[in-house]
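Here is the structure we will look at, set down as structure tokens.
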Amino acid sequence: MTSEGKEQPMTSQDYRAGVRAWLRAHAPAPDPDATPDEHLRRAKEFQAALYDAGYAGITWPEEAGGRGLGTAEQQIFAEEAAEYDLPTYPFIVGLGMCGPTLVDLGTPEQKRRHLPGLLRGEEIWCQLFSEPGAGSDVASLQARAVRDGDGWVVNGQKVWTTNAQWADFGALLARTDPDVPKHAGITMFIVDMHAPGVTVRPLKDMSGKAPFNEVYFDDVRIPADAVIGEVGGGWRAAVTMLGHERVSIGGSRPSRNSALTFAALLDLARREGATDVPAQRERLAGLYAHERALDLLNARMRQEAAAGRPPGARGSVAKLAGALQLRRAIAVAGELAGANAVAWEPGDVHGDGLALGINAAPASGIAGGTDEVQRTIIGERILGLPKEPQVDRDVPFRELKVGTQREEGGR
């Protein structure tokens, strides 16, 4: 207490000590033998405990259910949490992308309905953007939402949807007007993933896991108040969410169990006796410098966002930098591990983790928009370079021959 009897603000050292003590007491130990349902139950329990302790939505506004704190506190929590393998994966899309978009564009009722549940882990969300014929060119999507009475009916398909197998709700982009240019005829909706007509099918990757899904919508009814933003304003909502997504992906801090961090690769170099090799030391030093620079870039962007400056196109810088950093890490890992990066003795946790990390890392240059898309955004919107030709900008979508759209146009 001060001499005036007022409580002194908590220092960063105090905050860090509190986070460290709480995580030491509450972070669950990984259980490789747990079933998927048990993993999900443990994840929900831990997210609820995070919320009760004040560590969920640290920088979210208090009126949105968050703590209203600064980016310094968020950075401290991220640094301390990186020492654990926390079961927060089911919530990364909701808390990193969908929730912040609702904070920006949602109606008061949508915020009251969904944000507390997002923060407490009671709602899992997914992002329903990509389609078989609309990947990097999201605006070419063909899933249709047609007015029906006081609501909408949706038909179509989405693909590469992370966490759809667990999701309670999704942020869906659908075409609501095929008679205007493609960017102008899109609307974003909140869709109940348990509604009749929604089908989720897993997509396995080379590891045998199924982190992605394809999702089908067959005459799915959506109420009128499920629109995020405005009817026809889906592209603006999509750009807002993609900005949050790119910051979330680019700014994510890997856990201590990640095989492709500087700390993990330094440990590998020591095990391989390579720390005295000048070329390897130089590569490791470069990896550390880039990793530290990326941390500082993301810390600055979080500070600016907290001060009211949205990331905008600068989110593409963080996203691209994160993907390039993983490629550097793969190159260093391959040089250090040699054949052990692809062939190791059974039970070798280092070899297993390294191989999985190397196999998964290239996806960072695709998910959330390819590296080429990020470079285009950076060139046009940050560097002021001339825009690429867009011959379809003023053409009604119905007249375009895109993706799987039939020549006669539309659905």
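Following the order of the structure tokens, chains are lettered A, B, ..., residues in each are numbered from 1, and ligands are numbered from 1.
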Could you give me, as a short mmCIF file (atom, residue, chain, number, x, y, z; two decimals) with all heavy atoms, in the first residue's frame, the residues within 10 Å of range 8-20 of chain A, counting only C-alpha atoms and dropping anything in the same chain fewer than 6 positions from it?
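File selection.cif, as written:
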data_model
loop_
_atom_site.label_atom_id
_atom_site.label_comp_id
_atom_site.auth_asym_id
_atom_site.auth_seq_id
_atom_site.Cartn_x
_atom_site.Cartn_y
_atom_site.Cartn_z
N MET A 1 0.85 -1.20 0.00
CA MET A 1 0.00 0.00 0.00
C MET A 1 0.88 1.24 0.00
O MET A 1 1.95 1.28 0.60
CB MET A 1 -0.90 0.02 1.23
CG MET A 1 -1.80 -1.21 1.37
SD MET A 1 -3.14 -1.29 0.16
CE MET A 1 -4.24 -0.05 0.85
N THR A 2 0.44 2.31 -0.67
CA THR A 2 1.16 3.57 -0.64
C THR A 2 0.79 4.32 0.62
O THR A 2 -0.08 3.92 1.40
CB THR A 2 0.77 4.42 -1.87
OG1 THR A 2 -0.62 4.74 -1.77
CG2 THR A 2 1.02 3.65 -3.16
N ALA A 53 -8.44 -18.06 -13.49
CA ALA A 53 -7.23 -17.47 -12.93
C ALA A 53 -6.89 -16.12 -13.55
O ALA A 53 -5.96 -15.43 -13.09
CB ALA A 53 -6.05 -18.43 -13.11
N GLY A 54 -7.63 -15.71 -14.58
CA GLY A 54 -7.37 -14.42 -15.21
C GLY A 54 -6.34 -14.46 -16.31
O GLY A 54 -5.81 -13.42 -16.71
N TYR A 55 -6.07 -15.67 -16.86
CA TYR A 55 -5.05 -15.80 -17.90
C TYR A 55 -5.63 -16.15 -19.27
O TYR A 55 -4.91 -16.55 -20.16
CB TYR A 55 -4.02 -16.85 -17.49
CG TYR A 55 -3.26 -16.48 -16.23
CD1 TYR A 55 -3.15 -17.38 -15.18
CD2 TYR A 55 -2.67 -15.23 -16.10
CE1 TYR A 55 -2.47 -17.03 -14.01
CE2 TYR A 55 -2.00 -14.87 -14.95
CZ TYR A 55 -1.90 -15.78 -13.91
OH TYR A 55 -1.23 -15.43 -12.76
N ALA A 72 2.45 -6.44 -22.59
CA ALA A 72 3.56 -6.91 -21.75
C ALA A 72 3.14 -8.13 -20.95
O ALA A 72 3.89 -9.12 -20.84
CB ALA A 72 4.04 -5.79 -20.82
N GLU A 73 1.94 -8.08 -20.38
CA GLU A 73 1.44 -9.23 -19.63
C GLU A 73 1.21 -10.45 -20.54
O GLU A 73 1.51 -11.58 -20.15
CB GLU A 73 0.13 -8.87 -18.91
CG GLU A 73 0.31 -7.94 -17.73
CD GLU A 73 0.39 -6.48 -18.11
OE1 GLU A 73 0.32 -6.17 -19.32
OE2 GLU A 73 0.53 -5.63 -17.22
N GLN A 75 2.85 -11.10 -23.27
CA GLN A 75 4.18 -11.61 -23.62
C GLN A 75 4.76 -12.43 -22.48
O GLN A 75 5.35 -13.49 -22.70
CB GLN A 75 5.11 -10.44 -23.97
CG GLN A 75 6.51 -10.85 -24.38
CD GLN A 75 6.55 -11.46 -25.76
OE1 GLN A 75 5.56 -11.44 -26.48
NE2 GLN A 75 7.70 -12.02 -26.13
N ILE A 76 4.57 -11.95 -21.26
CA ILE A 76 5.09 -12.68 -20.10
C ILE A 76 4.42 -14.05 -20.01
O ILE A 76 5.10 -15.07 -19.81
CB ILE A 76 4.84 -11.88 -18.81
CG1 ILE A 76 5.79 -10.68 -18.74
CG2 ILE A 76 5.03 -12.76 -17.56
CD1 ILE A 76 5.48 -9.71 -17.63
N PHE A 77 3.11 -14.08 -20.18
CA PHE A 77 2.41 -15.37 -20.10
C PHE A 77 2.89 -16.30 -21.21
O PHE A 77 3.11 -17.50 -20.96
CB PHE A 77 0.90 -15.18 -20.20
CG PHE A 77 0.15 -16.47 -20.05
CD1 PHE A 77 -0.17 -16.96 -18.79
CD2 PHE A 77 -0.21 -17.22 -21.16
CE1 PHE A 77 -0.84 -18.16 -18.63
CE2 PHE A 77 -0.88 -18.43 -21.02
CZ PHE A 77 -1.19 -18.89 -19.76
N ALA A 78 3.06 -15.78 -22.44
CA ALA A 78 3.51 -16.62 -23.55
C ALA A 78 4.90 -17.19 -23.27
O ALA A 78 5.17 -18.37 -23.57
CB ALA A 78 3.53 -15.81 -24.84
N GLU A 79 5.78 -16.39 -22.70
CA GLU A 79 7.13 -16.86 -22.40
C GLU A 79 7.11 -17.96 -21.36
O GLU A 79 7.82 -18.97 -21.48
CB GLU A 79 7.99 -15.68 -21.93
CG GLU A 79 8.31 -14.68 -23.02
CD GLU A 79 8.97 -13.42 -22.48
OE1 GLU A 79 9.12 -13.30 -21.24
OE2 GLU A 79 9.34 -12.56 -23.30
N GLU A 80 6.32 -17.79 -20.33
CA GLU A 80 6.27 -18.80 -19.27
C GLU A 80 5.53 -20.05 -19.74
O GLU A 80 5.91 -21.17 -19.41
CB GLU A 80 5.58 -18.22 -18.02
CG GLU A 80 6.34 -17.08 -17.38
CD GLU A 80 7.72 -17.50 -16.89
OE1 GLU A 80 7.86 -18.66 -16.42
OE2 GLU A 80 8.66 -16.68 -16.98
N ALA A 81 4.47 -19.87 -20.54
CA ALA A 81 3.70 -21.01 -21.03
C ALA A 81 4.50 -21.86 -22.00
O ALA A 81 4.23 -23.07 -22.14
CB ALA A 81 2.41 -20.53 -21.70
N GLU A 83 7.24 -23.07 -21.61
CA GLU A 83 7.95 -24.10 -20.87
C GLU A 83 7.11 -25.35 -20.65
O GLU A 83 7.59 -26.34 -20.11
CB GLU A 83 8.39 -23.55 -19.50
CG GLU A 83 9.40 -22.42 -19.58
CD GLU A 83 10.69 -22.87 -20.27
OE1 GLU A 83 11.20 -23.95 -19.91
OE2 GLU A 83 11.15 -22.15 -21.18
#
Could you pull the residues within 12 Å of range 332-340 of chain A, counting only C-alpha atoms, minus those fewer than 5 positions along the same chain, as a VMD selection string? chain A and resid 259 to 275 277 279 to 288 325 to 327 345 to 346 348 to 355 357 to 359 361
Using only C-alpha atoms, I'd like a table of the residues in range 302-326 of chain A that come within 6 Å of range 236-246 of chain A; for each, show the closest atom pair and its distance in Å rounded to one decimal, ordered by chain and ascending number, as a tab-separated table.
residue	atom	partner	partner_atom	distance
A:Gly312	CA	A:Gly243	CA	5.7
A:Gly315	CA	A:Arg246	CA	5.2
A:Ser316	CA	A:Arg246	CA	6.0
A:Lys319	CA	A:Arg246	CA	5.0
Write a file of the selected residues as a JSON list (two decimals), in the first residue's frame, keeping C-alpha atoms.
[["chain", "number", "residue", "atom", "x", "y", "z"],
["A", 312, "GLY", "CA", -3.74, -4.82, -41.23],
["A", 315, "GLY", "CA", 0.11, -9.22, -40.22],
["A", 316, "SER", "CA", 1.44, -10.67, -43.48],
["A", 319, "LYS", "CA", 3.12, -14.60, -40.99]]
I'd like the contact shell of Ala367 in chain A - 12 Å cut-off, only C-alpha atoms, skipping same-chain residues fewer than 4 positions apart - returned as a list in words.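 Within the cut-off, the hits are Gln127, Phe129, Ser130, Gly135, Ser136, Val159, Trp160, Thr161, Thr162, Phe212, Leu242, Glu245, Arg246, Ser248, Ile249, Gly250, Lys319, Leu320, Gly322, Ala323, Ala360, Ala361, Pro362, Ala363, Asp371, Glu372, Val373 and Gln374 of chain A.
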From a DSSP pass on the backbone, collect the residues of range 152-394 of chain A flagged as alpha helix (DSSP H) and hand them back as number ranges by chain. A: 234-251, 262-271, 278-306, 314-337, 349-360, 371-377
Using only C-alpha atoms for the distances, tell me which of A:His183, A:Asp104, A:Glu214, A:Asp205 is nearest to Lys158 in chain A.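 For Lys158 in chain A, the nearest of the given residues is A:Glu214.
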Closest of A:Leu383, A:Pro178, A:Phe189, A:Arg67 to Thr101 in chain A, counting only C-alpha atoms, is A:Phe189
Write out, as a tab-separated table, each residue of range 125-179 of chain A that has an atom at most 9 Å from range 390-400 of chain A, together with the closest pair of atoms and their distance in Å to one decimal, counting only C-alpha atoms, rows going by chain and rising number.
residue	atom	partner	partner_atom	distance
A:Ser140	CA	A:Phe397	CA	8.0
A:Asp177	CA	A:Phe397	CA	8.3
A:Pro178	CA	A:Phe397	CA	5.1
A:Asp179	CA	A:Pro396	CA	5.0
Using N, CA and C atoms, can you export the residues from the last selection as a compact mmCIF listing (two decimals), in the first residue's frame?
# COMPACT_ATOMS: atom_id res chain seq x y z
N SER A 140 -13.13 -16.39 -54.66
CA SER A 140 -13.78 -17.21 -55.69
C SER A 140 -14.66 -18.30 -55.10
N ASP A 177 -24.63 -13.05 -53.21
CA ASP A 177 -25.08 -12.33 -54.40
C ASP A 177 -24.11 -12.64 -55.54
N PRO A 178 -24.48 -13.56 -56.45
CA PRO A 178 -23.60 -13.89 -57.58
C PRO A 178 -23.65 -12.89 -58.72
N ASP A 179 -24.49 -11.88 -58.61
CA ASP A 179 -24.67 -10.93 -59.70
C ASP A 179 -23.80 -9.68 -59.56
Tell me which protein, DNA and RNA residues are within 12 Å of Ala29 in chain A, counting only C-alpha atoms, leaving out same-chain ones fewer than 2 positions away, and put them as a CSV table (one decimal) with N, CA, C and O atoms, in the first residue's frame.
chain,number,residue,atom,x,y,z
A,23,LEU,N,1.2,-21.8,-13.3
A,23,LEU,CA,1.5,-22.8,-14.3
A,23,LEU,C,2.2,-24.0,-13.6
A,23,LEU,O,1.8,-25.2,-13.9
A,24,ARG,N,3.1,-23.7,-12.7
A,24,ARG,CA,3.7,-24.8,-12.0
A,24,ARG,C,2.7,-25.7,-11.2
A,24,ARG,O,2.8,-26.9,-11.2
A,25,ALA,N,1.7,-25.1,-10.7
A,25,ALA,CA,0.7,-25.8,-9.9
A,25,ALA,C,-0.4,-26.4,-10.8
A,25,ALA,O,-1.0,-27.4,-10.4
A,26,HIS,N,-0.7,-25.8,-12.0
A,26,HIS,CA,-1.9,-26.2,-12.7
A,26,HIS,C,-1.7,-26.8,-14.1
A,26,HIS,O,-2.6,-27.4,-14.7
A,27,ALA,N,-0.5,-26.6,-14.7
A,27,ALA,CA,-0.3,-27.1,-16.0
A,27,ALA,C,-0.3,-28.7,-16.0
A,27,ALA,O,0.5,-29.3,-15.2
A,31,ASP,N,-0.4,-36.7,-21.5
A,31,ASP,CA,-0.7,-38.1,-21.4
A,31,ASP,C,-0.9,-38.7,-22.8
A,31,ASP,O,-1.9,-38.6,-23.4
A,32,PRO,N,0.2,-39.3,-23.3
A,32,PRO,CA,0.2,-39.8,-24.6
A,32,PRO,C,-0.8,-41.0,-24.8
A,32,PRO,O,-1.2,-41.3,-26.0
A,33,ASP,N,-1.2,-41.6,-23.7
A,33,ASP,CA,-2.2,-42.7,-23.8
A,33,ASP,C,-3.6,-42.3,-23.8
A,33,ASP,O,-4.5,-43.2,-23.9
A,34,ALA,N,-3.9,-41.0,-23.6
A,34,ALA,CA,-5.3,-40.6,-23.4
A,34,ALA,C,-6.0,-40.7,-24.8
A,34,ALA,O,-5.4,-40.5,-25.9
A,39,HIS,N,-8.5,-36.2,-24.2
A,39,HIS,CA,-7.7,-35.0,-24.5
A,39,HIS,C,-8.5,-33.7,-24.6
A,39,HIS,O,-8.2,-32.7,-24.0
A,42,ARG,N,-9.7,-32.7,-21.0
A,42,ARG,CA,-8.7,-32.1,-20.3
A,42,ARG,C,-8.4,-30.7,-20.8
A,42,ARG,O,-8.1,-29.8,-20.0
A,43,ALA,N,-8.5,-30.5,-22.1
A,43,ALA,CA,-8.3,-29.2,-22.7
A,43,ALA,C,-9.3,-28.2,-22.2
A,43,ALA,O,-9.0,-27.0,-21.8
A,46,PHE,N,-8.8,-27.3,-18.6
A,46,PHE,CA,-7.6,-26.4,-18.4
A,46,PHE,C,-8.0,-25.0,-18.9
A,46,PHE,O,-7.6,-24.0,-18.2
A,83,GLU,N,7.2,-23.1,-21.6
A,83,GLU,CA,7.9,-24.1,-20.9
A,83,GLU,C,7.1,-25.4,-20.7
A,83,GLU,O,7.6,-26.3,-20.1
A,84,TYR,N,5.8,-25.3,-21.1
A,84,TYR,CA,4.9,-26.4,-20.9
A,84,TYR,C,4.3,-26.8,-22.2
A,84,TYR,O,4.2,-26.0,-23.1
A,85,ASP,N,3.8,-28.0,-22.3
A,85,ASP,CA,3.0,-28.5,-23.4
A,85,ASP,C,1.5,-28.4,-23.0
A,85,ASP,O,0.9,-29.4,-22.7
A,86,LEU,N,1.0,-27.2,-23.1
A,86,LEU,CA,-0.4,-26.9,-22.6
A,86,LEU,C,-1.4,-27.4,-23.6
A,86,LEU,O,-1.2,-27.3,-24.8
A,87,PRO,N,-2.5,-27.9,-23.1
A,87,PRO,CA,-3.6,-28.5,-24.0
A,87,PRO,C,-4.5,-27.4,-24.5
A,87,PRO,O,-5.8,-27.5,-24.4
Name all residues at most 10 Å from Ala307 in chain A (count only C-alpha atoms; drop same-chain ones fewer than 6 positions away) and give them as a PyMOL selection string. chain A and resi 70-71+301
Name the residues in contact with range 167-176 of chain A at a cut-off of 6 Å, using only C-alpha atoms, excluding same-chain residues fewer than 5 positions from it; report them as a PyMOL selection string. chain A and resi 123-129+143-145+185-193
